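Q: So here's input_18.txt, just compact mmCIF, C-alpha atoms:
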# COMPACT_ATOMS: atom_id res chain seq x y z
CA MET Q 1 26.67 -1.52 4.28
CA PRO Q 2 23.45 -3.48 3.61
CA ARG Q 3 21.97 -2.72 0.21
CA MET Q 4 18.34 -3.09 -0.78
CA ALA Q 5 16.30 -2.47 -3.91
CA LEU Q 6 13.65 0.18 -3.37
CA PHE Q 7 10.20 -0.52 -4.79
CA PRO Q 8 8.31 2.75 -4.18
CA GLY Q 9 5.19 1.78 -6.14
CA CYS Q 10 3.34 4.00 -8.63
CA LEU Q 11 1.95 6.51 -6.14
CA VAL Q 12 5.19 7.29 -4.31
CA LEU Q 13 7.36 7.14 -7.43
CA GLN Q 14 5.17 9.50 -9.41
CA ARG Q 15 3.18 11.61 -6.97
CA MET Q 16 4.80 11.53 -3.53
CA PRO Q 17 8.58 11.55 -3.99
CA GLN Q 18 8.71 13.32 -0.59
CA TYR Q 19 8.13 9.92 1.05
CA GLU Q 20 10.88 8.32 -1.06
CA LYS Q 21 13.23 11.22 -0.31
CA ALA Q 22 12.67 10.97 3.47
CA THR Q 23 13.09 7.18 3.36
CA LYS Q 24 16.42 7.43 1.54
CA ARG Q 25 17.66 10.19 3.83
CA VAL Q 26 16.75 8.35 7.05
CA LEU Q 27 18.06 4.98 5.90
CA THR Q 28 21.40 6.58 4.98
CA GLU Q 29 21.72 7.43 8.69
CA LEU Q 30 21.12 3.74 9.45
CA ASP Q 31 23.75 2.68 6.87
CA VAL Q 32 21.17 0.99 4.66
CA HIS Q 33 21.83 1.86 1.03
CA LEU Q 34 18.87 1.89 -1.34
CA GLU Q 35 19.18 1.24 -5.05
CA ASN Q 36 16.46 2.09 -7.53
CA ILE Q 37 15.19 -0.81 -9.63
CA PRO Q 38 15.59 0.27 -13.27
CA HIS Q 39 12.44 -0.44 -15.34
CA ALA Q 40 10.35 -1.52 -12.33
CA ALA Q 41 6.62 -1.28 -13.10
CA CYS Q 42 3.34 -1.32 -11.20
CA CYS Q 43 3.21 -4.14 -8.63
CA GLY Q 44 0.24 -5.68 -10.43
CA ALA Q 45 -2.50 -4.93 -7.88
CA PRO Q 46 -4.76 -2.89 -10.22
CA LEU Q 47 -4.78 -5.77 -12.71
CA GLU Q 48 -5.93 -8.43 -10.25
CA SER Q 49 -9.56 -7.32 -10.37
CA PHE Q 50 -9.54 -7.99 -14.12
CA THR Q 51 -7.15 -10.82 -14.90
CA ASP Q 52 -4.80 -13.47 -13.47
CA ARG Q 53 -2.02 -11.81 -15.46
CA TRP Q 54 -1.35 -9.54 -12.47
CA LEU Q 55 1.06 -12.33 -11.48
CA HIS Q 56 3.17 -11.69 -14.57
CA LEU Q 57 3.67 -8.05 -13.62
CA ALA Q 58 4.44 -8.89 -9.98
CA ALA Q 59 6.88 -11.63 -11.03
CA TYR Q 60 8.56 -9.22 -13.46
CA ASN Q 61 9.31 -6.77 -10.63
CA LEU Q 62 10.52 -9.53 -8.33
CA ALA Q 63 12.77 -10.90 -11.10
CA LEU Q 64 14.30 -7.44 -11.69
CA ALA Q 65 15.31 -7.27 -8.01
CA GLU Q 66 16.64 -10.83 -8.16
CA ARG Q 67 18.83 -9.82 -11.08
CA LEU Q 68 20.24 -6.98 -8.96
CA GLY Q 69 20.83 -9.53 -6.20
CA ARG Q 70 18.92 -7.40 -3.70
CA ASP Q 71 16.03 -7.80 -1.31
CA ILE Q 72 13.11 -5.46 -1.91
CA LEU Q 73 12.04 -2.61 0.33
CA THR Q 74 8.43 -1.49 -0.11
CA LEU Q 75 6.79 1.73 1.08
CA CYS Q 76 3.16 0.90 0.37
CA GLY Q 77 0.86 -1.66 2.01
CA ASN Q 78 -0.82 -2.62 -1.24
CA CYS Q 79 2.45 -3.27 -3.12
CA THR Q 80 3.78 -5.28 -0.18
CA ASN Q 81 0.69 -7.45 -0.04
CA THR Q 82 0.67 -7.98 -3.80
CA LEU Q 83 4.35 -8.87 -4.14
CA LEU Q 84 4.25 -11.22 -1.13
CA ARG Q 85 1.15 -13.00 -2.41
CA ALA Q 86 2.69 -13.31 -5.87
CA GLN Q 87 5.79 -14.91 -4.37
CA ALA Q 88 3.65 -17.40 -2.48
CA ALA Q 89 1.48 -18.16 -5.52
CA LEU Q 90 4.55 -18.73 -7.69
CA ASP Q 91 5.62 -21.63 -5.50
CA GLU Q 92 3.21 -23.59 -7.64
CA PRO Q 93 5.38 -25.17 -10.37
CA SER Q 94 3.00 -24.84 -13.33
CA LEU Q 95 2.27 -21.17 -12.60
CA ARG Q 96 5.96 -20.46 -12.18
CA SER Q 97 6.87 -22.11 -15.45
CA ASP Q 98 4.08 -20.26 -17.25
CA VAL Q 99 5.33 -16.92 -15.88
CA ASN Q 100 8.95 -17.77 -16.61
CA GLU Q 101 8.13 -18.62 -20.19
CA THR Q 102 6.96 -15.03 -20.64
CA LEU Q 103 9.78 -13.50 -18.60
CA ASP Q 104 12.29 -15.43 -20.71
CA GLU Q 105 11.29 -13.31 -23.71
CA ILE Q 106 12.74 -10.27 -21.96
CA GLY Q 107 15.73 -12.08 -20.54
CA LEU Q 108 14.41 -12.42 -16.99
CA ARG Q 109 13.68 -15.34 -14.70
CA PHE Q 110 11.77 -15.59 -11.43
CA GLU Q 111 13.55 -17.83 -8.93
CA GLY Q 112 11.93 -16.73 -5.68
CA SER Q 113 15.28 -15.71 -4.24
CA THR Q 114 14.46 -12.19 -3.07
CA THR Q 115 12.76 -11.13 0.17
CA VAL Q 116 10.09 -8.43 0.27
CA LYS Q 117 10.09 -6.20 3.33
CA HIS Q 118 7.94 -3.23 4.13
CA LEU Q 119 9.67 -0.21 5.68
CA VAL Q 120 8.07 -0.88 9.09
CA GLU Q 121 9.54 -4.39 9.13
CA LEU Q 122 12.97 -3.14 8.06
CA LEU Q 123 13.00 -0.42 10.75
CA THR Q 124 11.89 -2.96 13.36
CA GLY Q 125 15.18 -4.73 12.69
CA HIS Q 126 17.09 -1.49 13.33
CA VAL Q 127 15.54 -0.41 16.62
CA GLU Q 128 18.85 -0.10 18.46
CA ASP Q 129 20.48 1.92 15.66
CA LEU Q 130 17.43 4.15 15.56
CA ARG Q 131 17.57 4.76 19.29
CA GLU Q 132 21.17 5.92 18.96
CA LYS Q 133 20.33 8.26 16.10
CA VAL Q 134 17.59 10.17 17.90
CA THR Q 135 19.20 13.45 18.82
CA ARG Q 136 16.09 15.57 19.19
CA GLU Q 137 13.27 14.06 21.22
CA LEU Q 138 9.93 15.14 19.81
CA SER Q 139 7.50 16.70 22.25
CA LEU Q 140 4.53 15.79 20.07
CA ARG Q 141 1.43 13.66 20.46
CA VAL Q 142 1.42 11.18 17.59
CA ALA Q 143 -1.40 8.98 16.31
CA VAL Q 144 -0.31 6.01 14.20
CA THR Q 145 -2.14 4.64 11.17
CA HIS Q 146 -0.82 1.24 10.12
CA PRO Q 147 -0.16 0.04 6.54
CA CYS Q 148 -2.85 -2.61 7.01
CA GLN Q 149 -2.27 -4.58 3.84
CA ALA Q 150 1.40 -5.07 4.75
CA PHE Q 151 0.39 -7.25 7.71
CA ARG Q 152 -2.29 -9.35 6.03
CA PRO Q 153 -3.08 -12.05 5.29
CA HIS Q 154 -1.10 -13.57 8.16
CA GLU Q 155 -0.19 -16.59 5.99
CA ILE Q 156 2.20 -14.43 3.97
CA SER Q 157 3.21 -11.74 6.46
CA SER Q 158 4.00 -12.90 9.94
CA PHE Q 159 6.14 -10.22 11.54
CA ASP Q 160 3.39 -8.38 13.42
CA ASP Q 161 -0.14 -8.88 14.74
CA PRO Q 162 -2.34 -8.86 11.63
CA LEU Q 163 -5.34 -7.19 13.29
CA GLN Q 164 -3.71 -4.88 15.82
CA PRO Q 165 -0.16 -4.31 14.57
CA GLN Q 166 2.23 -2.85 17.15
CA ALA Q 167 5.59 -2.54 15.37
CA MET Q 168 5.00 0.97 14.05
CA ARG Q 169 3.96 2.24 17.48
CA ARG Q 170 7.23 0.96 18.93
CA ILE Q 171 9.23 2.73 16.21
CA VAL Q 172 7.41 6.03 16.81
CA GLU Q 173 8.00 5.72 20.57
CA LEU Q 174 11.76 5.85 19.88
CA THR Q 175 11.38 9.49 18.82
CA GLY Q 176 10.31 10.50 22.32
CA ALA Q 177 6.84 11.38 21.02
CA GLU Q 178 3.80 10.28 22.96
CA VAL Q 179 1.86 7.68 20.96
CA VAL Q 180 -1.84 8.29 21.50
CA ASP Q 181 -4.64 5.74 21.13
CA TYR Q 182 -7.69 6.65 19.04
CA ASP Q 183 -10.81 4.73 18.11
CA ALA Q 184 -10.13 4.43 14.38
CA GLU Q 185 -6.45 3.41 14.78
CA PHE Q 186 -6.83 -0.02 13.20
CA ASP Q 187 -9.42 0.97 10.61
CA CYS Q 188 -8.56 1.29 6.94
CA CYS Q 189 -7.85 4.85 5.76
CA GLY Q 190 -10.25 4.40 2.82
CA SER Q 191 -7.75 5.10 0.06
CA THR Q 192 -8.39 2.02 -2.05
CA LEU Q 193 -12.11 2.51 -1.55
CA TYR Q 194 -11.80 5.98 -3.09
CA LEU Q 195 -11.26 4.38 -6.49
CA ALA Q 196 -14.70 2.77 -6.41
CA ASP Q 197 -16.59 5.49 -4.55
CA GLU Q 198 -14.97 8.87 -3.89
CA GLY Q 199 -17.52 9.87 -1.26
CA LEU Q 200 -17.06 6.70 0.77
CA GLY Q 201 -13.27 6.89 0.56
CA LEU Q 202 -13.24 10.50 1.74
CA GLU Q 203 -15.69 9.65 4.53
CA ALA Q 204 -13.38 6.86 5.77
CA GLY Q 205 -10.50 9.34 5.78
CA ARG Q 206 -12.54 12.07 7.47
CA ARG Q 207 -13.60 9.60 10.15
CA LYS Q 208 -9.99 8.60 10.79
CA LEU Q 209 -8.69 12.18 10.92
CA ALA Q 210 -11.54 13.24 13.20
CA SER Q 211 -10.84 10.30 15.52
CA ALA Q 212 -7.15 11.28 15.68
CA ALA Q 213 -7.85 15.01 16.08
CA GLN Q 214 -6.33 15.10 19.58
CA ALA Q 215 -2.92 14.25 18.08
CA ASP Q 216 -0.40 16.78 16.76
CA VAL Q 217 0.67 14.35 14.05
CA LEU Q 218 -0.99 11.44 12.27
CA VAL Q 219 1.80 9.26 10.91
CA ASP Q 220 1.41 6.71 8.13
CA ALA Q 221 3.72 4.35 6.22
CA CYS Q 222 1.91 3.78 2.95
CA GLY Q 223 1.53 5.73 -0.30
CA ASN Q 224 -2.19 5.04 -0.30
CA CYS Q 225 -2.72 6.34 3.25
CA GLN Q 226 -0.64 9.45 2.59
CA LEU Q 227 -2.55 10.16 -0.63
CA LEU Q 228 -5.95 10.03 1.01
CA LEU Q 229 -5.21 11.46 4.45
CA GLU Q 230 -2.90 14.26 3.34
CA ARG Q 231 -3.52 15.06 -0.34
CA PHE Q 232 -7.27 14.49 -0.44
CA ARG Q 233 -7.95 16.05 2.93
CA PRO Q 234 -9.21 19.34 1.50
CA GLY Q 235 -12.07 17.39 -0.13
CA MET Q 236 -13.29 16.01 3.18
CA GLY Q 237 -15.02 19.12 4.44
CA SER Q 238 -15.34 19.96 8.10
CA GLY Q 239 -14.32 17.39 10.68
CA ALA Q 240 -11.14 16.32 8.90
CA GLY Q 241 -9.46 19.64 9.55
CA ALA Q 242 -10.36 19.72 13.21
CA GLY Q 243 -7.23 20.52 15.22
CA ARG Q 244 -5.15 20.69 12.03
CA THR Q 245 -3.33 17.45 12.83
CA VAL Q 246 -0.27 17.29 10.57
CA VAL Q 247 -0.12 14.15 8.41
CA LEU Q 248 3.44 12.82 7.95
CA THR Q 249 5.02 9.64 6.66
CA LEU Q 250 7.02 7.56 9.15
CA PRO Q 251 10.51 8.44 7.83
CA GLN Q 252 9.62 12.16 7.90
CA LEU Q 253 8.80 11.90 11.61
CA LEU Q 254 11.92 9.80 12.31
CA GLY Q 255 14.06 12.25 10.37
CA LEU Q 256 12.86 15.15 12.53
CA ALA Q 257 13.88 13.19 15.64
CA MET Q 258 17.30 12.62 14.06
CA GLY Q 259 17.69 16.38 13.75
CA ILE Q 260 17.37 16.38 9.95
CA ASP Q 261 16.03 19.58 8.40
CA SER Q 262 12.34 19.39 7.40
CA GLY Q 263 13.20 20.48 3.83
CA GLU Q 264 15.50 17.47 3.42
CA LEU Q 265 12.58 15.27 4.47
CA GLY Q 266 10.16 16.76 1.96
CA ILE Q 267 7.97 18.31 4.66
CA GLY Q 268 6.21 21.36 3.24
CA PRO Q 269 6.61 24.81 4.84
CA ALA Q 270 3.05 24.97 6.20
CA SER Q 271 3.38 21.60 7.95
CA ALA Q 272 6.86 22.52 9.22
CA ARG Q 273 5.50 25.76 10.75
CA GLU Q 274 2.59 23.91 12.37
CA LEU Q 275 4.95 21.28 13.79
CA SER Q 276 7.25 23.87 15.25
CA ARG Q 277 4.30 25.75 16.78
CA ARG Q 278 2.99 22.56 18.35
CA SER Q 279 6.31 21.31 19.70
CA SER Q 280 7.36 24.60 21.28
CA MET P 281 -17.83 -17.30 -12.01
CA SER P 282 -20.23 -20.20 -12.16
CA GLU P 283 -22.65 -20.78 -9.32
CA ARG P 284 -20.79 -24.00 -8.58
CA ASP P 285 -17.46 -22.19 -8.18
CA LEU P 286 -19.02 -19.66 -5.86
CA ASP P 287 -20.66 -22.44 -3.87
CA ALA P 288 -17.29 -24.14 -3.48
CA LEU P 289 -15.65 -20.93 -2.18
CA LEU P 290 -18.57 -20.38 0.18
CA GLU P 291 -18.76 -23.99 1.32
CA ASP P 292 -17.35 -23.35 4.78
CA CYS P 293 -19.14 -20.02 5.43
CA THR P 294 -21.59 -20.24 8.33
CA GLN P 295 -22.92 -16.67 7.84
CA CYS P 296 -21.65 -15.78 11.33
CA GLY P 297 -21.34 -12.12 10.29
CA LEU P 298 -17.90 -11.43 11.83
CA CYS P 299 -16.60 -10.27 8.43
CA ARG P 300 -19.36 -7.69 8.13
CA GLU P 301 -18.74 -6.46 11.65
CA VAL P 302 -15.13 -5.45 10.87
CA CYS P 303 -15.76 -4.13 7.34
CA ILE P 304 -15.09 -0.39 6.94
CA VAL P 305 -17.57 -0.19 4.04
CA GLU P 306 -20.34 -1.59 6.22
CA THR P 307 -19.32 0.73 9.07
CA LEU P 308 -19.83 3.63 6.65
CA GLY P 309 -23.33 2.41 5.79
CA ALA P 310 -22.65 0.87 2.36
CA HIS P 311 -22.67 -2.81 1.42
CA SER P 312 -19.62 -4.86 0.52
CA ILE P 313 -19.14 -8.54 -0.30
CA THR P 314 -19.59 -9.22 3.42
CA SER P 315 -23.30 -8.49 2.94
CA LEU P 316 -23.46 -11.25 0.33
CA LEU P 317 -21.70 -13.54 2.81
CA CYS P 318 -24.47 -12.76 5.28
CA GLY P 319 -27.10 -13.76 2.75
CA GLU P 320 -28.08 -10.24 1.63
CA GLU P 321 -28.70 -9.36 -1.99
CA GLN P 322 -27.65 -5.72 -1.92
CA TYR P 323 -23.85 -5.40 -2.22
CA SER P 324 -21.06 -4.61 -4.68
CA SER P 325 -17.83 -6.56 -5.02
CA TRP P 326 -16.14 -3.24 -5.92
CA LEU P 327 -17.05 -1.59 -2.62
CA CYS P 328 -13.98 -2.81 -0.79
CA SER P 329 -10.92 -1.06 0.61
CA SER P 330 -8.73 -4.19 0.19
CA CYS P 331 -7.84 -4.03 3.88
CA TRP P 332 -8.18 -7.83 4.25
CA ARG P 333 -9.69 -7.52 7.72
CA CYS P 334 -12.73 -9.69 6.82
CA GLN P 335 -10.57 -12.57 5.72
CA GLU P 336 -8.34 -12.24 8.76
CA VAL P 337 -11.22 -12.58 11.24
CA CYS P 338 -13.08 -15.35 9.40
CA PRO P 339 -13.13 -18.35 11.77
CA GLN P 340 -13.77 -20.69 8.83
CA GLY P 341 -10.86 -19.53 6.68
CA VAL P 342 -13.07 -18.55 3.74
CA ASP P 343 -10.98 -17.04 0.93
CA ILE P 344 -13.02 -13.83 0.71
CA HIS P 345 -10.38 -12.11 -1.43
CA ALA P 346 -10.73 -14.83 -4.08
CA ILE P 347 -14.52 -14.40 -4.06
CA ILE P 348 -14.19 -10.64 -4.52
CA MET P 349 -11.71 -10.99 -7.39
CA GLU P 350 -13.84 -13.60 -9.17
CA MET P 351 -17.00 -11.53 -8.83
CA ARG P 352 -15.33 -8.31 -9.97
CA ARG P 353 -14.44 -9.91 -13.25
CA GLU P 354 -18.13 -10.29 -13.96
CA GLU P 355 -19.38 -6.93 -12.67
CA GLU P 356 -19.10 -3.56 -14.42
CA PRO P 357 -15.99 -1.81 -13.00
CA PRO P 358 -16.21 1.70 -11.52
CA PRO P 359 -14.46 4.36 -13.68
CA GLY P 360 -11.58 4.73 -11.18
CA HIS P 361 -10.62 1.07 -11.41
CA GLU P 362 -11.06 1.05 -15.17
CA ALA P 363 -8.78 4.09 -15.45
CA ASN P 364 -6.11 2.27 -13.44
CA LEU P 365 -6.43 -0.71 -15.77
CA VAL P 366 -6.08 1.49 -18.84
CA ASN P 367 -2.99 3.14 -17.35
CA VAL P 368 -1.32 -0.17 -16.47
CA LEU P 369 -2.00 -1.55 -19.95
CA SER P 370 -0.76 1.67 -21.61
CA PHE P 371 2.22 2.60 -19.43
CA GLY P 372 2.91 -0.25 -17.02
CA TYR P 373 1.91 2.02 -14.11
CA ALA P 374 -1.38 2.83 -12.39
CA LEU P 375 -0.83 6.53 -13.20
CA PRO P 376 -0.12 8.04 -16.61
CA VAL P 377 3.54 8.64 -17.40
CA ASP P 378 4.59 12.15 -18.47
CA ASP P 379 7.44 14.65 -18.04
CA SER P 380 5.96 16.22 -14.92
CA ILE P 381 7.01 13.15 -12.90
CA ASP P 382 10.72 13.69 -13.37
CA ASP P 383 10.30 17.45 -12.89
CA LEU P 384 8.76 16.79 -9.47
CA ARG P 385 11.43 14.22 -8.62
CA HIS P 386 14.23 16.61 -9.62
CA PHE P 387 12.69 19.27 -7.42
CA HIS P 388 13.07 16.85 -4.51
CA GLY P 389 16.62 15.93 -5.47
CA LEU P 390 15.70 12.46 -6.71
CA GLU P 391 16.89 10.67 -9.84
CA ALA P 392 14.77 10.48 -13.00
CA VAL P 393 12.77 7.27 -13.35
CA GLU P 394 13.91 4.57 -15.74
CA PHE P 395 10.47 3.57 -16.93
CA MET P 396 9.58 0.15 -18.21
CA PRO P 397 10.19 -0.26 -21.96
CA GLN P 398 6.95 -0.45 -23.96
CA ALA P 399 8.17 -3.58 -25.76
CA TRP P 400 8.46 -5.45 -22.46
CA LEU P 401 5.04 -4.30 -21.35
CA LYS P 402 3.61 -5.68 -24.55
CA ILE P 403 5.25 -9.06 -23.96
CA LEU P 404 4.04 -9.29 -20.36
CA LEU P 405 0.46 -8.20 -20.91
CA GLU P 406 -0.03 -9.23 -24.52
CA GLY P 407 -3.61 -9.77 -25.57
CA LEU P 408 -5.21 -7.97 -22.65
CA GLU P 409 -7.70 -5.32 -23.64
CA VAL P 410 -9.67 -2.72 -21.81
CA GLY P 411 -13.12 -4.01 -21.10
CA ALA P 412 -12.04 -7.60 -21.58
CA SER P 413 -13.20 -9.87 -18.81
CA GLY P 414 -10.34 -12.14 -17.76
CA GLU P 415 -8.05 -13.32 -20.51
What would you get if you wrote out this structure as structure tokens?
A:
Amino acid sequence: MPRMALFPGCLVLQRMPQYEKATKRVLTELDVHLENIPHAACCGAPLESFTDRWLHLAAYNLALAERLGRDILTLCGNCTNTLLRAQAALDEPSLRSDVNETLDEIGLRFEGSTTVKHLVELLTGHVEDLREKVTRELSLRVAVTHPCQAFRPHEISSFDDPLQPQAMRRIVELTGAEVVDYDAEFDCCGSTLYLADEGLGLEAGRRKLASAAQADVLVDACGNCQLLLERFRPGMGSGAGAGRTVVLTLPQLLGLAMGIDSGELGIGPASARELSRRSS
Amino acid sequence: MSERDLDALLEDCTQCGLCREVCIVETLGAHSITSLLCGEEQYSSWLCSSCWRCQEVCPQGVDIHAIIMEMRREEEPPPGHEANLVNVLSFGYALPVDDSIDDLRHFHGLEAVEFMPQAWLKILLEGLEVGASGE
């Protein structure tokens, strides 16, 4: 059974364990075993705007996974982007030795021996297994929002088209659901923007939800997207609620198609009722 | 960042405007770094969703991300970003650590978190202070 080290990132770890729960449940079906990384910290992204020391934090997390001897699975676009860029930056010998000098004080060493994969990339490698596990085809119209930072820049992430990623659409299609196009599909959800300007972030989210209003479900694969599009939706006013599109994470949708109970996937009762109304 | 450093990063920019065309901030009527790249004076390096689309479409391969990061270190940060910084320096995470996290995780049948030891955080980020620009 393949084993990977799960790096949920701050948001999922602390605020959206539903996404982590659904990921673990669905990957068990695919015989991928996930281990937690004891003592893992923030990926380093919030530090980068202030200091080059973000690399130390990223390298620390990578070194913890190396010590476990596992590749890393990420659930968030921002963490994926940050860890992949850190790995690339640490190819530079003087940077690496500087970081390792600090890591040595806590008994760790960065060697660059682990691979960082986002959930969408991992699932892309399990398409045939997924197809076999779908026992309940979903009669739902699904709009996809992509974890944009996981696919960019193309120099560090080459598994999908960086501007119009397709991998997640193909995974959703396996559930039997109809994947619908919408104008704002490849636009950012606005989550990271929210930190600098709440109004602009919410407006980006409202615009996306309104554009996808024809869909029964808007599915994401990123802690940041889920935070803004699902949690912060009530703050968006009219337009975002149009059609009451249910916002789910990718493993929650896949789990439903595998016949897994919505409670085991961390889908709340209101969303579960809406989904059952729409699919009947 | 010195003017010379900025000039070096901008050396290959032809002000074609493709970056601004794909920028979600500009689409929403505000002004990001892509406005600076088009020669405008009204912009903020903090108004960015980190989606990387500008850099991806740039035909000249300008490292727009590097420009944003360099400029942010000289501009006053918005409270949300500063709060994240304070949290990372205090806890090692972008969000504050308290008991409610494990309560929520237990509710969902997940294990408690083994948080990063404070001593290690100190070693990794020693000397960094809130409000400090760079190192």
Q: List the spatial neighbours of range 173-177 of chain Q as a ChimeraX atom specification - criterion: any atom at most 7 Å away, all atoms listed in the file, same-chain residues fewer than 4 positions off excluded.
A: /Q:131,134,137-142,169,254,257
Q: Since we have the selection now, will you write its residues out, keeping C-alpha atoms, as a PDB file, in the frame of the given file?
A:
ATOM      1  CA  ARG Q 131      17.570   4.760  19.290  1.00  0.00           C
ATOM      2  CA  VAL Q 134      17.590  10.170  17.900  1.00  0.00           C
ATOM      3  CA  GLU Q 137      13.270  14.060  21.220  1.00  0.00           C
ATOM      4  CA  LEU Q 138       9.930  15.140  19.810  1.00  0.00           C
ATOM      5  CA  SER Q 139       7.500  16.700  22.250  1.00  0.00           C
ATOM      6  CA  LEU Q 140       4.530  15.790  20.070  1.00  0.00           C
ATOM      7  CA  ARG Q 141       1.430  13.660  20.460  1.00  0.00           C
ATOM      8  CA  VAL Q 142       1.420  11.180  17.590  1.00  0.00           C
ATOM      9  CA  ARG Q 169       3.960   2.240  17.480  1.00  0.00           C
ATOM     10  CA  LEU Q 254      11.920   9.800  12.310  1.00  0.00           C
ATOM     11  CA  ALA Q 257      13.880  13.190  15.640  1.00  0.00           C
TER      12      ALA Q 257
END
Q: Between CA of Gly190 in chain Q and CA of Thr115 in chain Q, what is the spacing in Å?
A: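 Separation of CA of Thr115 in chain Q and CA of Gly190 in chain Q: 27.9 Å.
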Q: Please measure the separation of CA of Leu289 in chain P and CA of Arg353 in chain P, giving the value in Å to one decimal.
A: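 These atoms are spaced 15.7 Å apart.
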Q: Output as a ChimeraX atom specification the set of chain P residues within 6 Å of chain Q, with distances taken over only C-alpha atoms.
A: /P:328-329,331,349,352-353,358,360-361,372-373,381,394-396,414
Q: State, in Å with one decimal place, the distance from CA of Cys338 in chain P to CA of Cys299 in chain P.
A: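 These atoms are spaced 6.3 Å apart.
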Q: Which neighbours of Ser370 in chain P fall inside 10 Å, counting all atoms listed in the file, when residues of the same chain fewer than 4 positions from it are skipped, and could you give them as a list in words?
A: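 Returned residues: Asn364, Leu365, Val366, Ala374, Leu375, Pro376, Val377, Gln398, Leu401, Lys402, Leu405 and Val410 of chain P.
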Q: With all atoms listed in the file as the basis for distance, which of Q:Val179, Q:Leu275, Q:Cys76, Q:Met4 is at the shortest distance from Leu227 in chain Q?
A: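 Of Q:Val179, Q:Leu275, Q:Cys76, Q:Met4, the one nearest Leu227 in chain Q is Q:Cys76, counting all atoms listed in the file.
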Q: Just checking: using all atoms listed in the file, which residue out of Q:Val144, Q:Met258, Q:Val247, Q:Leu34 ends up closest to Pro165 in chain Q?
A: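 Distance minimum relative to Pro165 in chain Q lands on Q:Val144.
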Q: So, with all atoms listed in the file as the atoms that count, which of Q:Asp220, Q:Glu274, Q:Glu66, Q:Asp261 lies closest to Thr145 in chain Q?
A: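 Closest candidate: Q:Asp220.
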Q: Mind checking which residues fall within 12 Å of Glu283 in chain P, counting only C-alpha atoms, ignoring those fewer than 4 positions away in the same chain, and posting them as a PyMOL selection string?
A: chain P and resi 287-291+347+350-351
Q: For a quick check of understanding, using only C-alpha atoms, which of Q:Ala210, Q:Val12, Q:Ala58, Q:Leu6 has the smallest distance to His118 in chain Q?
A: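 Distance minimum relative to His118 in chain Q lands on Q:Leu6.
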Q: Would you list the contacts of Pro339 in chain P as a PDB file with C-alpha atoms, in the frame of the given file, taking every protein, DNA or RNA residue within 9 Å and counting only C-alpha atoms, but skipping same-chain residues closer than 4 positions in sequence?
A:
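Okay, part38.pdb is ready:
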ATOM      1  CA  CYS P 293     -19.140 -20.020   5.430  1.00  0.00           C
ATOM      2  CA  CYS P 296     -21.650 -15.780  11.330  1.00  0.00           C
ATOM      3  CA  LEU P 298     -17.900 -11.430  11.830  1.00  0.00           C
ATOM      4  CA  GLN P 335     -10.570 -12.570   5.720  1.00  0.00           C
TER       5      GLN P 335
END
Q: Write out as a list in words each polymer residue whose atoms come within 8 Å of range 310-324 of chain P, counting only C-alpha atoms; drop sequence neighbours fewer than 2 positions from it.
A: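 Here the qualifying residues turn out to be Leu290, Cys293, Gln295, Cys296, Gly297, Cys299, Arg300, Cys303, Val305, Glu306, Thr307, Leu308, Trp326, Leu327, Cys328, Cys334 and Ile348 of chain P.
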Q: Could you check which of Q:Leu209, Q:Met168, Q:Leu108, Q:Ala143 is closest to Leu123 in chain Q, using only C-alpha atoms?
A: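 Smallest separation from Leu123 in chain Q among the options: Q:Met168.
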